[in-house]
Each structure stands twice: as C-alpha cells, then as structure tokens.
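Next up, work-v8.tsv (TSV, N, CA and C atoms):
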chain	number	residue	atom	x	y	z
A	1	MET	N	12.76	-18.66	-32.45
A	1	MET	CA	12.69	-17.29	-32.00
A	1	MET	C	14.11	-16.73	-32.00
A	2	SER	N	14.25	-15.53	-32.48
A	2	SER	CA	15.57	-14.93	-32.54
A	2	SER	C	16.04	-14.50	-31.16
A	3	ILE	N	17.33	-14.30	-31.04
A	3	ILE	CA	17.91	-13.84	-29.76
A	3	ILE	C	17.34	-12.48	-29.39
A	4	LEU	N	17.18	-11.59	-30.38
A	4	LEU	CA	16.61	-10.26	-30.10
A	4	LEU	C	15.20	-10.39	-29.55
A	5	ALA	N	14.39	-11.25	-30.15
A	5	ALA	CA	13.02	-11.43	-29.68
A	5	ALA	C	13.01	-11.98	-28.26
A	6	LEU	N	13.90	-12.93	-27.96
A	6	LEU	CA	13.99	-13.47	-26.60
A	6	LEU	C	14.41	-12.40	-25.60
A	7	LEU	N	15.36	-11.55	-25.98
A	7	LEU	CA	15.80	-10.47	-25.11
A	7	LEU	C	14.66	-9.49	-24.84
A	8	LEU	N	13.95	-9.11	-25.89
A	8	LEU	CA	12.84	-8.17	-25.73
A	8	LEU	C	11.73	-8.77	-24.88
A	9	THR	N	11.45	-10.05	-25.07
A	9	THR	CA	10.43	-10.71	-24.26
A	9	THR	C	10.88	-10.75	-22.81
A	10	GLY	N	12.13	-11.08	-22.57
A	10	GLY	CA	12.66	-11.10	-21.21
A	10	GLY	C	12.58	-9.75	-20.55
A	11	CYS	N	12.93	-8.68	-21.28
A	11	CYS	CA	12.86	-7.32	-20.73
A	11	CYS	C	11.42	-6.95	-20.39
A	12	SER	N	10.50	-7.35	-21.26
A	12	SER	CA	9.09	-7.06	-21.03
A	12	SER	C	8.59	-7.73	-19.76
A	13	LEU	N	9.05	-8.97	-19.51
A	13	LEU	CA	8.64	-9.67	-18.30
A	13	LEU	C	9.19	-8.99	-17.05
A	14	VAL	N	10.41	-8.48	-17.13
A	14	VAL	CA	11.04	-7.84	-15.99
A	14	VAL	C	10.49	-6.44	-15.78
A	15	LEU	N	10.46	-5.65	-16.85
A	15	LEU	CA	10.02	-4.25	-16.74
A	15	LEU	C	8.51	-4.09	-16.79
A	16	GLY	N	7.81	-4.99	-17.43
A	16	GLY	CA	6.37	-4.89	-17.59
A	16	GLY	C	6.00	-4.31	-18.94
A	17	THR	N	4.73	-3.95	-19.08
A	17	THR	CA	4.22	-3.40	-20.33
A	17	THR	C	4.52	-1.91	-20.38
A	18	PRO	N	5.25	-1.48	-21.43
A	18	PRO	CA	5.57	-0.05	-21.49
A	18	PRO	C	4.33	0.81	-21.73
A	19	VAL	N	4.31	1.96	-21.08
A	19	VAL	CA	3.28	2.98	-21.32
A	19	VAL	C	4.03	4.18	-21.86
A	20	GLU	N	3.89	4.39	-23.16
A	20	GLU	CA	4.55	5.53	-23.81
A	20	GLU	C	3.89	6.82	-23.35
A	21	PRO	N	4.57	7.96	-23.43
A	21	PRO	CA	3.97	9.22	-22.98
A	21	PRO	C	2.58	9.43	-23.57
A	22	GLN	N	1.61	9.62	-22.69
A	22	GLN	CA	0.23	9.83	-23.13
A	22	GLN	C	-0.60	10.44	-22.01
A	23	LYS	N	-1.76	10.97	-22.40
A	23	LYS	CA	-2.68	11.57	-21.44
A	23	LYS	C	-3.61	10.47	-20.92
A	24	VAL	N	-3.76	10.42	-19.59
A	24	VAL	CA	-4.64	9.45	-18.95
A	24	VAL	C	-5.48	10.15	-17.90
A	25	THR	N	-6.52	9.48	-17.45
A	25	THR	CA	-7.29	9.97	-16.32
A	25	THR	C	-6.59	9.51	-15.05
A	26	ALA	N	-6.40	10.44	-14.12
A	26	ALA	CA	-5.75	10.15	-12.85
A	26	ALA	C	-6.63	10.67	-11.72
A	27	ALA	N	-6.69	9.92	-10.64
A	27	ALA	CA	-7.52	10.33	-9.49
A	27	ALA	C	-7.17	9.43	-8.32
A	28	CYS	N	-7.87	9.65	-7.23
A	28	CYS	CA	-7.69	8.79	-6.07
A	28	CYS	C	-8.31	7.42	-6.37
A	29	GLY	N	-7.50	6.39	-6.20
A	29	GLY	CA	-8.01	5.04	-6.44
A	29	GLY	C	-9.14	4.68	-5.50
A	30	LEU	N	-9.08	5.17	-4.27
A	30	LEU	CA	-10.10	4.86	-3.26
A	30	LEU	C	-11.36	5.71	-3.46
A	31	CYS	N	-11.20	7.02	-3.51
A	31	CYS	CA	-12.36	7.93	-3.53
A	31	CYS	C	-13.07	8.01	-4.88
A	32	ILE	N	-12.32	8.03	-5.98
A	32	ILE	CA	-12.92	8.22	-7.30
A	32	ILE	C	-13.12	6.90	-8.03
A	33	PHE	N	-12.10	6.04	-8.03
A	33	PHE	CA	-12.19	4.78	-8.76
A	33	PHE	C	-12.76	3.64	-7.91
A	34	ALA	N	-13.02	3.90	-6.61
A	34	ALA	CA	-13.63	2.94	-5.70
A	34	ALA	C	-12.86	1.62	-5.61
A	35	LYS	N	-11.53	1.73	-5.57
A	35	LYS	CA	-10.66	0.56	-5.40
A	35	LYS	C	-10.11	0.61	-3.98
A	36	PRO	N	-10.54	-0.30	-3.12
A	36	PRO	CA	-10.13	-0.26	-1.71
A	36	PRO	C	-8.61	-0.33	-1.53
A	37	SER	N	-8.17	0.23	-0.42
A	37	SER	CA	-6.76	0.23	-0.07
A	37	SER	C	-6.64	0.21	1.44
A	38	THR	N	-5.67	-0.52	1.93
A	38	THR	CA	-5.42	-0.52	3.37
A	38	THR	C	-4.64	0.72	3.79
A	39	HIS	N	-4.17	1.50	2.81
A	39	HIS	CA	-3.35	2.67	3.09
A	39	HIS	C	-4.09	3.99	2.89
A	40	GLY	N	-5.39	3.97	2.66
A	40	GLY	CA	-6.14	5.20	2.45
A	40	GLY	C	-6.06	5.69	1.01
A	41	CYS	N	-6.03	7.00	0.84
A	41	CYS	CA	-6.04	7.61	-0.49
A	41	CYS	C	-4.71	7.39	-1.21
A	42	TYR	N	-4.79	7.24	-2.53
A	42	TYR	CA	-3.58	7.02	-3.33
A	42	TYR	C	-3.85	7.39	-4.78
A	43	TRP	N	-2.81	7.85	-5.46
A	43	TRP	CA	-2.92	8.15	-6.89
A	43	TRP	C	-3.11	6.87	-7.67
A	44	SER	N	-4.00	6.92	-8.66
A	44	SER	CA	-4.26	5.80	-9.53
A	44	SER	C	-4.52	6.36	-10.93
A	45	ILE	N	-4.20	5.56	-11.95
A	45	ILE	CA	-4.52	5.98	-13.32
A	45	ILE	C	-5.46	4.97	-13.95
A	46	GLU	N	-6.19	5.45	-14.94
A	46	GLU	CA	-7.01	4.57	-15.77
A	46	GLU	C	-6.28	4.44	-17.10
A	47	TRP	N	-5.94	3.20	-17.45
A	47	TRP	CA	-5.21	2.95	-18.70
A	47	TRP	C	-5.82	1.71	-19.33
A	48	GLU	N	-6.25	1.86	-20.56
A	48	GLU	CA	-6.86	0.78	-21.34
A	48	GLU	C	-7.98	0.09	-20.55
A	49	GLY	N	-8.82	0.92	-19.90
A	49	GLY	CA	-10.00	0.42	-19.22
A	49	GLY	C	-9.75	-0.19	-17.85
A	50	GLU	N	-8.53	-0.18	-17.37
A	50	GLU	CA	-8.20	-0.72	-16.06
A	50	GLU	C	-7.63	0.38	-15.17
A	51	HIS	N	-7.68	0.17	-13.86
A	51	HIS	CA	-7.13	1.13	-12.90
A	51	HIS	C	-5.88	0.54	-12.27
A	52	TYR	N	-4.85	1.39	-12.17
A	52	TYR	CA	-3.57	0.95	-11.63
A	52	TYR	C	-3.06	1.95	-10.59
A	53	PRO	N	-2.70	1.49	-9.39
A	53	PRO	CA	-2.07	2.39	-8.43
A	53	PRO	C	-0.73	2.87	-8.98
A	54	VAL	N	-0.39	4.11	-8.69
A	54	VAL	CA	0.83	4.72	-9.22
A	54	VAL	C	1.96	4.61	-8.20
A	55	HIS	N	3.10	4.16	-8.67
A	55	HIS	CA	4.33	4.13	-7.88
A	55	HIS	C	5.34	4.99	-8.62
A	56	GLY	N	6.04	5.83	-7.90
A	56	GLY	CA	6.99	6.73	-8.54
A	56	GLY	C	6.57	8.17	-8.34
A	57	PRO	N	7.05	9.06	-9.19
A	57	PRO	CA	6.79	10.49	-8.98
A	57	PRO	C	5.31	10.85	-9.18
A	58	THR	N	4.74	11.51	-8.18
A	58	THR	CA	3.39	12.06	-8.25
A	58	THR	C	3.41	13.39	-7.52
A	59	PRO	N	2.38	14.22	-7.71
A	59	PRO	CA	2.36	15.49	-6.98
A	59	PRO	C	2.40	15.26	-5.47
A	60	SER	N	3.18	16.07	-4.78
A	60	SER	CA	3.28	15.94	-3.33
A	60	SER	C	2.08	16.60	-2.66
A	61	ASN	N	1.91	16.33	-1.38
A	61	ASN	CA	0.82	16.95	-0.62
A	61	ASN	C	0.96	18.46	-0.58
A	62	GLU	N	2.21	18.96	-0.66
A	62	GLU	CA	2.42	20.41	-0.65
A	62	GLU	C	1.99	21.04	-1.98
A	63	GLU	N	2.09	20.29	-3.07
A	63	GLU	CA	1.73	20.79	-4.40
A	63	GLU	C	0.26	20.59	-4.72
A	64	HIS	N	-0.37	19.66	-4.03
A	64	HIS	CA	-1.71	19.23	-4.42
A	64	HIS	C	-2.56	18.95	-3.18
A	65	ASP	N	-3.66	19.69	-3.03
A	65	ASP	CA	-4.58	19.46	-1.92
A	65	ASP	C	-5.56	18.37	-2.33
A	66	ALA	N	-5.27	17.14	-1.92
A	66	ALA	CA	-6.05	15.98	-2.36
A	66	ALA	C	-7.55	16.13	-2.14
A	67	HIS	N	-7.95	16.77	-1.04
A	67	HIS	CA	-9.37	16.91	-0.73
A	67	HIS	C	-9.91	18.30	-1.05
A	68	GLY	N	-9.09	19.11	-1.73
A	68	GLY	CA	-9.53	20.44	-2.15
A	68	GLY	C	-10.49	20.35	-3.34
A	69	PRO	N	-11.00	21.48	-3.79
A	69	PRO	CA	-11.98	21.49	-4.88
A	69	PRO	C	-11.50	20.84	-6.18
A	70	GLU	N	-10.19	20.85	-6.41
A	70	GLU	CA	-9.65	20.25	-7.64
A	70	GLU	C	-8.73	19.08	-7.31
A	71	GLY	N	-8.92	18.50	-6.13
A	71	GLY	CA	-8.04	17.45	-5.65
A	71	GLY	C	-8.33	16.08	-6.24
A	72	MET	N	-7.36	15.19	-6.07
A	72	MET	CA	-7.48	13.85	-6.62
A	72	MET	C	-8.64	13.07	-6.01
A	73	CYS	N	-9.06	13.44	-4.80
A	73	CYS	CA	-10.17	12.76	-4.13
A	73	CYS	C	-11.52	13.38	-4.47
A	74	THR	N	-11.49	14.51	-5.17
A	74	THR	CA	-12.70	15.27	-5.46
A	74	THR	C	-13.15	15.15	-6.91
A	75	MET	N	-12.18	15.00	-7.82
A	75	MET	CA	-12.53	14.94	-9.23
A	75	MET	C	-11.45	14.20	-10.03
A	76	PRO	N	-11.86	13.50	-11.08
A	76	PRO	CA	-10.86	12.92	-11.97
A	76	PRO	C	-10.07	14.03	-12.65
A	77	ARG	N	-8.80	13.81	-12.84
A	77	ARG	CA	-7.91	14.78	-13.49
A	77	ARG	C	-7.24	14.12	-14.68
A	78	GLN	N	-6.66	14.93	-15.54
A	78	GLN	CA	-5.86	14.44	-16.65
A	78	GLN	C	-4.39	14.60	-16.29
A	79	ALA	N	-3.60	13.62	-16.69
A	79	ALA	CA	-2.16	13.68	-16.44
A	79	ALA	C	-1.44	13.11	-17.66
A	80	MET	N	-0.26	13.65	-17.93
A	80	MET	CA	0.63	13.08	-18.93
A	80	MET	C	1.56	12.14	-18.19
A	81	VAL	N	1.59	10.88	-18.61
A	81	VAL	CA	2.38	9.89	-17.90
A	81	VAL	C	3.22	9.07	-18.88
A	82	SER	N	4.24	8.46	-18.35
A	82	SER	CA	4.98	7.41	-19.05
A	82	SER	C	5.55	6.50	-17.97
A	83	GLY	N	5.81	5.28	-18.35
A	83	GLY	CA	6.34	4.31	-17.41
A	83	GLY	C	6.04	2.91	-17.89
A	84	HIS	N	5.67	2.04	-16.96
A	84	HIS	CA	5.31	0.68	-17.33
A	84	HIS	C	4.35	0.07	-16.31
A	85	ILE	N	3.57	-0.88	-16.78
A	85	ILE	CA	2.62	-1.62	-15.95
A	85	ILE	C	3.27	-2.97	-15.63
A	86	ARG	N	3.31	-3.28	-14.34
A	86	ARG	CA	3.85	-4.58	-13.93
A	86	ARG	C	3.11	-5.04	-12.68
A	87	LYS	N	2.64	-6.27	-12.72
A	87	LYS	CA	1.96	-6.89	-11.58
A	87	LYS	C	0.84	-6.00	-11.02
A	88	GLY	N	0.03	-5.44	-11.92
A	88	GLY	CA	-1.14	-4.67	-11.51
A	88	GLY	C	-0.86	-3.28	-10.98
A	89	LYS	N	0.37	-2.77	-11.19
A	89	LYS	CA	0.72	-1.43	-10.73
A	89	LYS	C	1.36	-0.65	-11.88
A	90	PHE	N	1.19	0.68	-11.82
A	90	PHE	CA	1.84	1.56	-12.80
A	90	PHE	C	3.07	2.16	-12.16
A	91	TYR	N	4.22	1.87	-12.73
A	91	TYR	CA	5.49	2.43	-12.26
A	91	TYR	C	5.82	3.62	-13.16
A	92	ALA	N	5.67	4.80	-12.61
A	92	ALA	CA	5.79	6.03	-13.39
A	92	ALA	C	7.25	6.45	-13.55
A	93	ASP	N	7.60	6.77	-14.79
A	93	ASP	CA	8.85	7.48	-15.05
A	93	ASP	C	8.55	8.98	-15.01
A	94	ALA	N	7.34	9.33	-15.46
A	94	ALA	CA	6.88	10.73	-15.45
A	94	ALA	C	5.39	10.74	-15.12
A	95	PHE	N	4.97	11.74	-14.34
A	95	PHE	CA	3.57	11.92	-13.96
A	95	PHE	C	3.37	13.42	-13.82
A	96	ASP	N	2.81	14.04	-14.85
A	96	ASP	CA	2.60	15.49	-14.84
A	96	ASP	C	1.11	15.78	-14.85
A	97	LEU	N	0.61	16.27	-13.73
A	97	LEU	CA	-0.80	16.61	-13.61
A	97	LEU	C	-1.09	17.83	-14.46
A	98	LEU	N	-2.11	17.75	-15.30
A	98	LEU	CA	-2.47	18.85	-16.19
A	98	LEU	C	-3.44	19.80	-15.49
A	99	PRO	N	-3.49	21.06	-15.96
A	99	PRO	CA	-4.44	22.00	-15.35
A	99	PRO	C	-5.88	21.48	-15.49
A	100	VAL	N	-6.71	21.88	-14.55
A	100	VAL	CA	-8.11	21.45	-14.55
A	100	VAL	C	-8.84	22.06	-15.73
A	101	ASP	N	-9.62	21.25	-16.40
A	101	ASP	CA	-10.50	21.72	-17.46
A	101	ASP	C	-11.69	22.39	-16.78
A	102	PRO	N	-11.92	23.69	-17.04
A	102	PRO	CA	-13.01	24.39	-16.34
A	102	PRO	C	-14.38	23.77	-16.57
A	103	SER	N	-14.55	23.02	-17.66
A	103	SER	CA	-15.85	22.40	-17.93
A	103	SER	C	-15.97	21.00	-17.30
A	104	ALA	N	-14.91	20.52	-16.64
A	104	ALA	CA	-14.94	19.19	-16.03
A	104	ALA	C	-15.94	19.17	-14.87
A	105	PRO	N	-16.71	18.09	-14.77
A	105	PRO	CA	-17.66	18.01	-13.66
A	105	PRO	C	-16.92	17.87	-12.32
A	106	LYS	N	-17.42	18.57	-11.33
A	106	LYS	CA	-16.85	18.48	-9.99
A	106	LYS	C	-17.78	17.63	-9.13
A	107	LEU	N	-17.20	16.78	-8.32
A	107	LEU	CA	-17.97	15.93	-7.43
A	107	LEU	C	-18.10	16.62	-6.09
A	108	ASP	N	-19.07	16.21	-5.31
A	108	ASP	CA	-19.13	16.69	-3.93
A	108	ASP	C	-17.88	16.20	-3.22
A	109	ILE	N	-17.28	17.05	-2.41
A	109	ILE	CA	-16.10	16.63	-1.68
A	109	ILE	C	-16.52	15.54	-0.70
A	110	PRO	N	-15.93	14.34	-0.85
A	110	PRO	CA	-16.36	13.25	0.02
A	110	PRO	C	-15.94	13.45	1.47
A	111	VAL	N	-16.73	12.90	2.36
A	111	VAL	CA	-16.37	12.88	3.77
A	111	VAL	C	-15.40	11.72	3.93
A	112	HIS	N	-14.25	11.99	4.56
A	112	HIS	CA	-13.24	10.96	4.69
A	112	HIS	C	-13.07	10.53	6.13
A	113	ASP	N	-13.09	9.24	6.32
A	113	ASP	CA	-12.79	8.71	7.63
A	113	ASP	C	-11.52	7.85	7.55
A	114	HIS	N	-10.72	8.15	6.52
A	114	HIS	CA	-9.47	7.43	6.34
A	114	HIS	C	-8.34	8.43	6.18
A	115	GLU	N	-7.12	7.94	6.27
A	115	GLU	CA	-5.96	8.80	6.18
A	115	GLU	C	-5.28	8.68	4.83
A	116	HIS	N	-4.36	9.61	4.60
A	116	HIS	CA	-3.52	9.54	3.40
A	116	HIS	C	-2.28	8.78	3.71

For this file, produce the structure as structure tokens.
Amino acid sequence: MSILALLLTGCSLVLGTPVEPQKVTAACGLCIFAKPSTHGCYWSIEWEGEHYPVHGPTPSNEEHDAHGPEGMCTMPRQAMVSGHIRKGKFYADAFDLLPVDPSAPKLDIPVHDHEH
C-alpha cells in the first residue's frame, strides 16, 4: 500500500466517511424517525438509508419552530448538508434547511411529553 493510500485511510478513520454537499431528508430523530433519545428532540438526517443525529450547525430554536406546522417534529424536511459520518453520528460542516415543498405531506403535530 502506498504512503498516500495509508494517509488517506488514516484520515478516513479519524474524520469518518465524507458526505459531499447534497440534499438529504432532515427531521427530528425522535418524532419523525422514531429513534429514541435521552435528550428529547434532535435534528437527524437520513443518508444512504440510515439515520444519523446531527452535530454541528443546525437551525436554532429562534429560526425554527420545531413543533410548528413546518417544524422538524411535524414533517420531514429537505436540507443541503456536507460533513462526515463517524461513529453513528453526522458531523455537519454545513446544514442549510430548504424551504418547505408546498406539496409535501404534513403530519399531525405530535403531542410531546418530552423536552428539547
């Protein structure tokens, strides 16, 4: 194996699997993707058929009403993301929530007995 290949393999192990800029489905891991959490609601993405909690930049509570009609807990959304997957988590370099598609199905707003 060449030195370059060893370096690239080592970087991949440290940084994880790169996620080049692309559109993904993003929503609450707990409410929409039904992935339990001890911390309540959280941003999660669906990438290559798997769900990953997001670490890094995401819309703040002031920018995004999670339980509102277009919130992460109410409907799946599309986001442009880049970053890397490591140890079952998505580490975002960029996370840009896209405008809601007016034809997207809306779910009933769930009753929440958990916190954000």

Give me the residues within 6.5 Å of Gly56 of chain A as an mmCIF file with N, CA and C atoms, in the frame of the given file, counting only N, CA and C atoms and dropping any in the same chain fewer than 4 places off.
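around39.cif, freshly written:
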data_model
loop_
_atom_site.group_PDB
_atom_site.id
_atom_site.type_symbol
_atom_site.label_atom_id
_atom_site.label_comp_id
_atom_site.auth_asym_id
_atom_site.auth_seq_id
_atom_site.Cartn_x
_atom_site.Cartn_y
_atom_site.Cartn_z
ATOM 1 N N PHE A 90 1.190 0.680 -11.820
ATOM 2 C CA PHE A 90 1.840 1.560 -12.800
ATOM 3 C C PHE A 90 3.070 2.160 -12.160
ATOM 4 N N TYR A 91 4.220 1.870 -12.730
ATOM 5 C CA TYR A 91 5.490 2.430 -12.260
ATOM 6 C C TYR A 91 5.820 3.620 -13.160
ATOM 7 N N ALA A 92 5.670 4.800 -12.610
ATOM 8 C CA ALA A 92 5.790 6.030 -13.390
ATOM 9 C C ALA A 92 7.250 6.450 -13.550
ATOM 10 N N ASP A 93 7.600 6.770 -14.790
ATOM 11 C CA ASP A 93 8.850 7.480 -15.050
ATOM 12 C C ASP A 93 8.550 8.980 -15.010
#

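Reported to one decimal place, the separation of atom CA of Val54 of chain A from atom CA of Pro99 of chain A is 19.1 Å.
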
Would you pick out the contacts of Cys31 of chain A at 7 Å or less, using all atoms listed in the file, so that residues sharing its chain but fewer than 4 positions from it are not included, and give the list as a ChimeraX atom specification? /A:27,35,40-42,72-74

Residue among A:His55, A:His39, A:His84, A:His64 lying closest to Gln22 of chain A, counting only C-alpha atoms: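 Residue with the minimum atom-to-atom distance to Gln22 of chain A: A:His84.
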
Out of A:Lys23, A:Ala34, A:Pro102, A:Cys28, which residue has the shortest atom-to-atom distance to Asp65 of chain A when counting only C-alpha atoms? A:Cys28

Identify all residues of segment 40-76 of chain A in strand (DSSP E) (DSSP on the backbone) and supply them as a list of chain:residue names. A:Trp43, A:Ser44, A:Ile45, A:Glu46, A:Trp47, A:Glu50, A:His51, A:Tyr52, A:Pro53, A:Val54, A:His55

At most 8 Å from (-4.8, 5.5, -15.4), file frame, only N, CA and C atoms: which residues, as a list in words?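 The answer, in the requested form, is Lys23, Val24, Thr25, Ala26, Ala27, Ser44, Ile45, Glu46, Trp47, Glu48, Gly49, Glu50, His51, Tyr52 and Pro53 of chain A.
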
Just to confirm, what's the straight-line distance from atom CA of Gly16 of chain A to atom N of Gly83 of chain A in Å (one decimal)?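 Straight-line distance from atom CA of Gly16 of chain A to atom N of Gly83 of chain A works out to 10.2 Å.
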
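Distance-wise, atom CA of Ala66 of chain A and atom CA of Leu15 of chain A end up 29.6 Å apart.
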
Which of these residues is nearest to Ser60 of chain A, using only C-alpha atoms: A:Met80, A:Leu97, A:Ile32, A:Val19?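 Closest candidate: A:Leu97.
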
Given only C-alpha atoms as the counted atoms, nearest of A:Ser37, A:Thr17, A:Ser103, A:Ser82 to Thr58 of chain A: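 Using only C-alpha atoms, the shortest distance to Thr58 of chain A belongs to A:Ser82.
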